[in-house]
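Novice: Have a look at this one.
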Amino acid sequence: MTIDKKLCAPKLGGFVKKRLPLVIASSLLAPALVWADASLEEVVVTATKREANLQDVPIAVQALTNEKLEQQNINNFNDYINFMPAVSFQSTRPGIAQVYMRGISSGGDGNHSGSQPSVAVYLDEQPVTTINQVLDVHVYDVARIETLSGPQGTLFGSSAQAGTLRIITNQPDTEKFEAGMDVGVDSTKNGGVGNSVEGFVNLPVSERAALRVVGWRQEDAGYIDSVAGSRTYAASGITVNSDKYVEEDFNDSVTEGMRAQLKVDLNDNWTANLGVNTQQQDTNGVFDHDPDDVGDLEVVRFGPDKYEESWTQSSLTVQGSVGGLEVTYAGAHLDRDSDWASDYSAYAEYLENLYADYGYDCLYYNSMGGCADPTQYIDENNKFRRTSHELRVQSDQEGRLRWIAGAFYQEQVHDFDLRWQVPDLSTDDSVIENDHVVWQTAQVRKDTDRALFGEVSYDLTDKLTGMVGIRHFELENSLVGFAGNLGRCTDFPCVDYPNVDAVTDDEGETYKVNLSYALNDDVMLYTTYSEGYRPGGVNRAQVGNVSPAYSPDWVYNYEFGWKTTLLDNRMRFNGSIYRVDWENFQYAYLDYQVSPLTLITNVGQSRTHGMEFDLTYAASEQLLLSLSGSFNAAELQDDYYQTDDDRLEGIVSAPSGTAMPFVPEMQLTGTARYEMELGAMPAYVQMAWSHTDDSWNSLDVGLRQKQAAYDLVNLSAGLSGEQWSADMFVSNLTDERAEIYRNENDYDARITTNRPRSIGVRLGYRF
């Protein structure tokens with residue numbers, strides 16, 4: 001029996017919180033009973049766009065394999081992100097999240113017309129990176145999820161300036177028939193009951209063709225209560241209540257989808273893979289609470305809250321060989337639509353307070369000429385379209401000289417329409433005819449990326465290998481549309497008369513240099529210099545003292561790493577230490593004295609000193625222990641002044657030395673898994689733990705709040721027969737309230753938190 005790769009470990013209560021990492025570390029290093037045939041299996045990754053042993057790749061890579069995804073009961077983004085300590089994140093609900101790596105976070109990302117993310121996200125061969133909306137792919141029949149830390153600009157291009165996250169699905173297999181299904185049910189403390197049904201089939205159609213089909217449906221129970229409350233607006237004196245929106249456990253969700261892939265061996269040298277992925281996700285309520293002013297897992301809402309998203313990805317990958325060269329074409333198209341309604345009445349309360357201070361009676365007027373009830377919500381529609389093509393050619397990987405070269409093209413269009421609906425508003429004051437819309441932002445953003453790239457590796461000696469890489473890119477960003485109220489409208493329909501119509505472009509090169517040295521068959525050392533870039537763009541508000549366009553920002557990474565396999569392949573210890581400089585970084589801010597719209601500006605420089613490690617130890621043939629972590633100290637290197645007037649007056653929004661937001665100094669994950677036999681049946685028990693240090697929710701020291709550290713513990717146990725399996729799990733054993741995001745974006749201070757303790761069972765059958 002062999003034991004596989006990296007997992008994760010536990011923590012319980014106050015005692016374990018402080019001492020469990022020491023216990024795990026001592027367990028890893030102690031001369032425990034070791035059975036002679038205990039060993040670790042090989043982990044295969046595609047971080048260099050070709051399959052390779054994890055230990056042979058001189059890159060900081062962490063991988064959650066198919067086996068580990070199943071063992072950890074991982075179903076979605078919020079599940080797997082807790083087991084990737086190299087990644088930090090902010091999130092407000094399923095489908096809405098930003099991810100960060102190596103301290104590359106200014107906290108200002110998320111606006112539709114703003115900065116692109118600093119971490120590239122891939123689904124198989126296609127980049128699916130989206131501003132503030134990480135594609136929340138249901139995780140089932142997935143081969144692995146990889147994180148590539150540090151700039152990956154040469155092979156993965158724009159937005160991979162801090163790293164890359166890759167979701168890689170299982171491919172059709174012409175060699176064998178296989179099929180399976182899994183069903184589960186779980187109950188959340190103080191919440192509802194959820195369930196899931198999943199299945200897959202791999203069907204060889206002929207000796208040269210196979211079809212793989214996967215399907216899923218998951219219902220996640222709610223656990224946030226929308227409770228009764230009231231609000232009196234200061235200027236108009238109107239009092240409203242939330243009775244219409246009172247509901248227990250109102251943040252439930254349903255996710256369903258399918259994936260079909262057809263693999264055809266065209267001949268002995270060429271293979272084509274045609275795939276379709278599609279998913280629908282419907283979510284109600286909100287995923288944050290107001291424990292201080294309302295209660296634990298409770299909020300007061302005065303408007304609708306829902307999020308509906310559907311997406312379909314179509315892909316074609318063709319691989320083959322010509323004259324000893326491997327050729328790959330990967331093309332894909334992604335259609336993604338989302339509709340979102342969100343209570344925004346706290347903003348109305350904020351404005352009414354301002355109006356009252358200035359002596360006004362009404363914020364808005366109704367059809368009778370009196371003060372309108374200013375309660376409002378945002379009605380948002382998004383249409384994403386993304387098409388990408390990549391052609392790669394690479395040499396035989398067995399030679400002393402190895403290379404890969406390619407061309408890349410991508411076009412992404414985001415058509416978004418946000419409407420601030422005030423139901424009591426007079427239609428005469430609406431920015432849309434015969435409606436009740438006080439403000440509309442309807443714009444189309446288009447980003448185009450063209451690139452040529454290549455890497456060359458050469459074995460200088462039997463032990464020393466050098467690699468150089470380059471990517472030449474050409475980028476274009478355009479933004480056209482309307483944003484404003486009736487006073488900004490030239491004529492109806494307002495969207496036909498844009499008040500922003502601008503284009504910006506850029507081109508340049510990004511470089512990578514790597515030296516790796518094999519001390520022996522089990523130990524490799526490497527050093528890397530790499531660069532990453534993020535495209536610039538157009539500001540949606542054209543104001544005189546702010547540049548109409550913001551420039552690309554750059555990351556420069558200096559890294560030393562190691563890959564080691566020790567104790568006769570019972571221990572794997574990989575890691576890296578690094579310094580990352582982020583120059584001319586993009587930052588989003590909102591200042592009503594400048595503009596009523598969020599603006600992007602290039603600020604200055606931040607610097608991260610950090611370390612990442614991944615340790616796995618097969619203590620015996622039955623016991624597997626692992627511990628992974630990251631340490632990041634990311635600080636601003638220049639004083640940040642929000643406006644020129646602030647600079648003249650010496651008003652510093654963030655002084656040099658300020659810790660960058662959403663960057664926990666330490667993140668750890670660990671797992672202990674013990675496998676045994678009960679009677680003649682294989683069985684296991686497992687404990688998994690993750691720790692996230694505290695972090696800040698903003699760069700501006702006058703506004704930001706600290707997000708508390710948290711620890712999460714999961715327990716599971718199970719047994720299996722020849723074709724069946726049964727598992728029981730407890731997620732969030734200690735019922736921790738994680739502060740994932742202290743969110744004040746809607747002028748209503750709330751805390752996005754995790755699911756309370758949930759207990760469930762899962763049954764599986766393989767045909």
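Naming works like this for the structure tokens: A, B, ... for the chains as they're shown, residue 1 at the start of each chain, ligands 1 onward in shown order.
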Assign secondary structure with DSSP using the backbone only, and return the residues of segment 346-581 of chain A in alpha helix (DSSP H) as a CSV table (one decimal) with all heavy atoms, in the first residue's frame.
Specialist:
```csv
chain,number,residue,atom,x,y,z
A,346,ALA,N,-28.7,50.9,2.8
A,346,ALA,CA,-27.8,51.6,3.7
A,346,ALA,C,-27.1,52.8,3.0
A,346,ALA,O,-26.8,53.8,3.7
A,346,ALA,CB,-26.7,50.6,4.2
A,347,TYR,N,-27.0,52.8,1.7
A,347,TYR,CA,-26.4,53.9,1.0
A,347,TYR,C,-27.5,55.1,1.0
A,347,TYR,O,-27.1,56.2,1.2
A,347,TYR,CB,-26.1,53.5,-0.5
A,347,TYR,CG,-25.6,54.6,-1.3
A,347,TYR,CD1,-24.4,55.3,-1.0
A,347,TYR,CD2,-26.3,55.1,-2.4
A,347,TYR,CE1,-24.0,56.3,-1.8
A,347,TYR,CE2,-25.9,56.1,-3.3
A,347,TYR,CZ,-24.7,56.7,-2.9
A,347,TYR,OH,-24.3,57.7,-3.7
A,348,ALA,N,-28.7,54.7,0.9
A,348,ALA,CA,-29.8,55.8,1.0
A,348,ALA,C,-29.8,56.4,2.4
A,348,ALA,O,-29.9,57.6,2.5
A,348,ALA,CB,-31.1,55.1,0.7
A,349,GLU,N,-29.5,55.6,3.4
A,349,GLU,CA,-29.5,56.1,4.7
A,349,GLU,C,-28.3,57.1,4.9
A,349,GLU,O,-28.4,58.1,5.5
A,349,GLU,CB,-29.3,55.0,5.8
A,349,GLU,CG,-29.3,55.5,7.2
A,349,GLU,CD,-29.2,54.3,8.2
A,349,GLU,OE1,-28.3,53.4,7.9
A,349,GLU,OE2,-29.8,54.3,9.2
A,350,TYR,N,-27.1,56.7,4.3
A,350,TYR,CA,-26.0,57.6,4.3
A,350,TYR,C,-26.2,58.9,3.6
A,350,TYR,O,-25.9,60.0,4.2
A,350,TYR,CB,-24.8,56.8,3.6
A,350,TYR,CG,-23.6,57.7,3.2
A,350,TYR,CD1,-22.7,58.1,4.1
A,350,TYR,CD2,-23.5,58.1,1.8
A,350,TYR,CE1,-21.6,58.9,3.7
A,350,TYR,CE2,-22.4,58.8,1.4
A,350,TYR,CZ,-21.5,59.3,2.4
A,350,TYR,OH,-20.5,60.1,2.0
A,351,LEU,N,-26.9,58.9,2.5
A,351,LEU,CA,-27.2,60.1,1.7
A,351,LEU,C,-28.2,60.9,2.5
A,351,LEU,O,-28.1,62.2,2.5
A,351,LEU,CB,-27.7,59.8,0.3
A,351,LEU,CG,-26.7,59.2,-0.7
A,351,LEU,CD1,-27.4,58.9,-2.0
A,351,LEU,CD2,-25.5,60.2,-0.9
A,352,GLU,N,-29.2,60.3,3.1
A,352,GLU,CA,-30.2,61.1,3.8
A,352,GLU,C,-29.6,61.8,5.0
A,352,GLU,O,-30.0,62.9,5.4
A,352,GLU,CB,-31.3,60.1,4.3
A,352,GLU,CG,-32.3,59.7,3.2
A,352,GLU,CD,-33.7,60.4,3.3
A,352,GLU,OE1,-33.9,61.0,4.4
A,352,GLU,OE2,-34.5,60.3,2.4
A,353,ASN,N,-28.6,61.1,5.6
A,353,ASN,CA,-27.9,61.8,6.8
A,353,ASN,C,-27.2,63.0,6.3
A,353,ASN,O,-27.2,64.1,6.9
A,353,ASN,CB,-26.9,60.8,7.4
A,353,ASN,CG,-27.6,59.7,8.2
A,353,ASN,OD1,-28.7,59.9,8.7
A,353,ASN,ND2,-26.9,58.6,8.4
A,354,LEU,N,-26.5,62.9,5.1
A,354,LEU,CA,-25.9,64.1,4.5
A,354,LEU,C,-26.9,65.2,4.2
A,354,LEU,O,-26.6,66.4,4.5
A,354,LEU,CB,-25.1,63.7,3.2
A,354,LEU,CG,-23.8,62.9,3.4
A,354,LEU,CD1,-23.2,62.6,2.0
A,354,LEU,CD2,-22.8,63.6,4.3
A,355,TYR,N,-28.0,64.8,3.6
A,355,TYR,CA,-29.0,65.8,3.2
A,355,TYR,C,-29.6,66.5,4.5
A,355,TYR,O,-29.8,67.7,4.5
A,355,TYR,CB,-30.1,65.2,2.4
A,355,TYR,CG,-29.9,65.2,0.9
A,355,TYR,CD1,-28.7,64.7,0.4
A,355,TYR,CD2,-30.8,65.7,0.0
A,355,TYR,CE1,-28.5,64.7,-0.9
A,355,TYR,CE2,-30.6,65.7,-1.3
A,355,TYR,CZ,-29.4,65.2,-1.8
A,355,TYR,OH,-29.2,65.2,-3.2
A,356,ALA,N,-29.8,65.7,5.5
A,356,ALA,CA,-30.3,66.3,6.8
A,356,ALA,C,-29.3,67.3,7.3
A,356,ALA,O,-29.7,68.4,7.9
A,356,ALA,CB,-30.5,65.2,7.8
A,357,ASP,N,-28.0,67.0,7.3
A,357,ASP,CA,-27.0,67.9,7.7
A,357,ASP,C,-27.0,69.3,7.0
A,357,ASP,O,-26.7,70.3,7.6
A,357,ASP,CB,-25.6,67.3,7.6
A,357,ASP,CG,-25.4,66.1,8.6
A,357,ASP,OD1,-26.1,66.1,9.6
A,357,ASP,OD2,-24.5,65.3,8.4
```
Novice: I'd like to know which of A:Ala162, A:Val139, A:Ile651, A:Ala726 is closest to Ala120 of chain A, using only C-alpha atoms.
Specialist: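 Distance minimum relative to Ala120 of chain A lands on A:Ala162.
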Novice: My list of candidates is A:Thr753, A:Gln218, A:Ser88, A:Thr46. Which is closest to Asp735 of chain A when distances are computed with only C-alpha atoms?
Specialist: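 The shortest atom-to-atom distance to Asp735 of chain A comes from A:Thr753.
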Novice: Can you list, as a list of chain:residue names, every protein, DNA or RNA residue that comes within 8 Å of Leu715 of chain A when you count only C-alpha atoms, leaving out same-chain residues fewer than 6 positions away?
Specialist: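 Selected residues are A:Val685, A:Gln686, A:Met687, A:Ala688, A:Phe729, A:Val730, A:Ser731, A:Leu733.
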Novice: At most 7 Å is the cut-off: for each residue in segment 208-235 of chain A with any atom that close to an atom of segment 197-201 of chain A, write down the nearest atom pair and the distance in Å rounded to one decimal, counting only C-alpha atoms, chain first then increasing number, as a Markdown table.
Specialist:
```
| residue | atom | partner | partner_atom | distance |
| --- | --- | --- | --- | --- |
| A:Arg212 | CA | A:Val201 | CA | 5.7 |
| A:Val213 | CA | A:Val201 | CA | 5.5 |
| A:Val214 | CA | A:Phe200 | CA | 4.2 |
| A:Gly215 | CA | A:Gly199 | CA | 5.5 |
| A:Trp216 | CA | A:Glu198 | CA | 4.3 |
| A:Arg217 | CA | A:Val197 | CA | 5.4 |
| A:Gln218 | CA | A:Val197 | CA | 6.4 |
```
Novice: Out of segment 77-247 of chain A, which residues get strand (DSSP E or B) from DSSP, as a VMD selection string?
Specialist: chain A and resid 87 to 93 96 to 101 119 to 123 126 to 127 133 142 to 149 163 to 169 178 to 188 193 to 206 209 to 220 225 to 226 230 to 232 239 to 241 247
Novice: I want to know what sits within 7 Å of Ile751 of chain A, based on only C-alpha atoms, with residues of the same chain fewer than 4 positions away left out; could you give that as a count of residues only?
Specialist: 7
Novice: For Tyr80 of chain A, please output as a list in words all residues within 8 Å (counting only C-alpha atoms; exclusion window: fewer than 5 positions along the same chain).
Specialist: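 The neighbour list is Leu69, Ile74 and Asn75 of chain A.
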Novice: What does the distance from atom CA of Phe662 of chain A to atom CA of Ile59 of chain A come to in Å, to one decimal?
Specialist: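 Going from atom CA of Phe662 of chain A over to atom CA of Ile59 of chain A, I get 24.1 Å.
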Novice: For Glu42 of chain A, which residue out of A:Thr565, A:Gln72, A:Ser551, A:Gln98 is the nearest one, using only C-alpha atoms?
Specialist: A:Thr565
Novice: Would you list the contacts of Ile470 of chain A as a VMD selection string, taking every protein, DNA or RNA residue within 7 Å and counting only C-alpha atoms, but skipping same-chain residues closer than 4 positions in sequence?
Specialist: chain A and resid 154 453 to 455 509 to 512
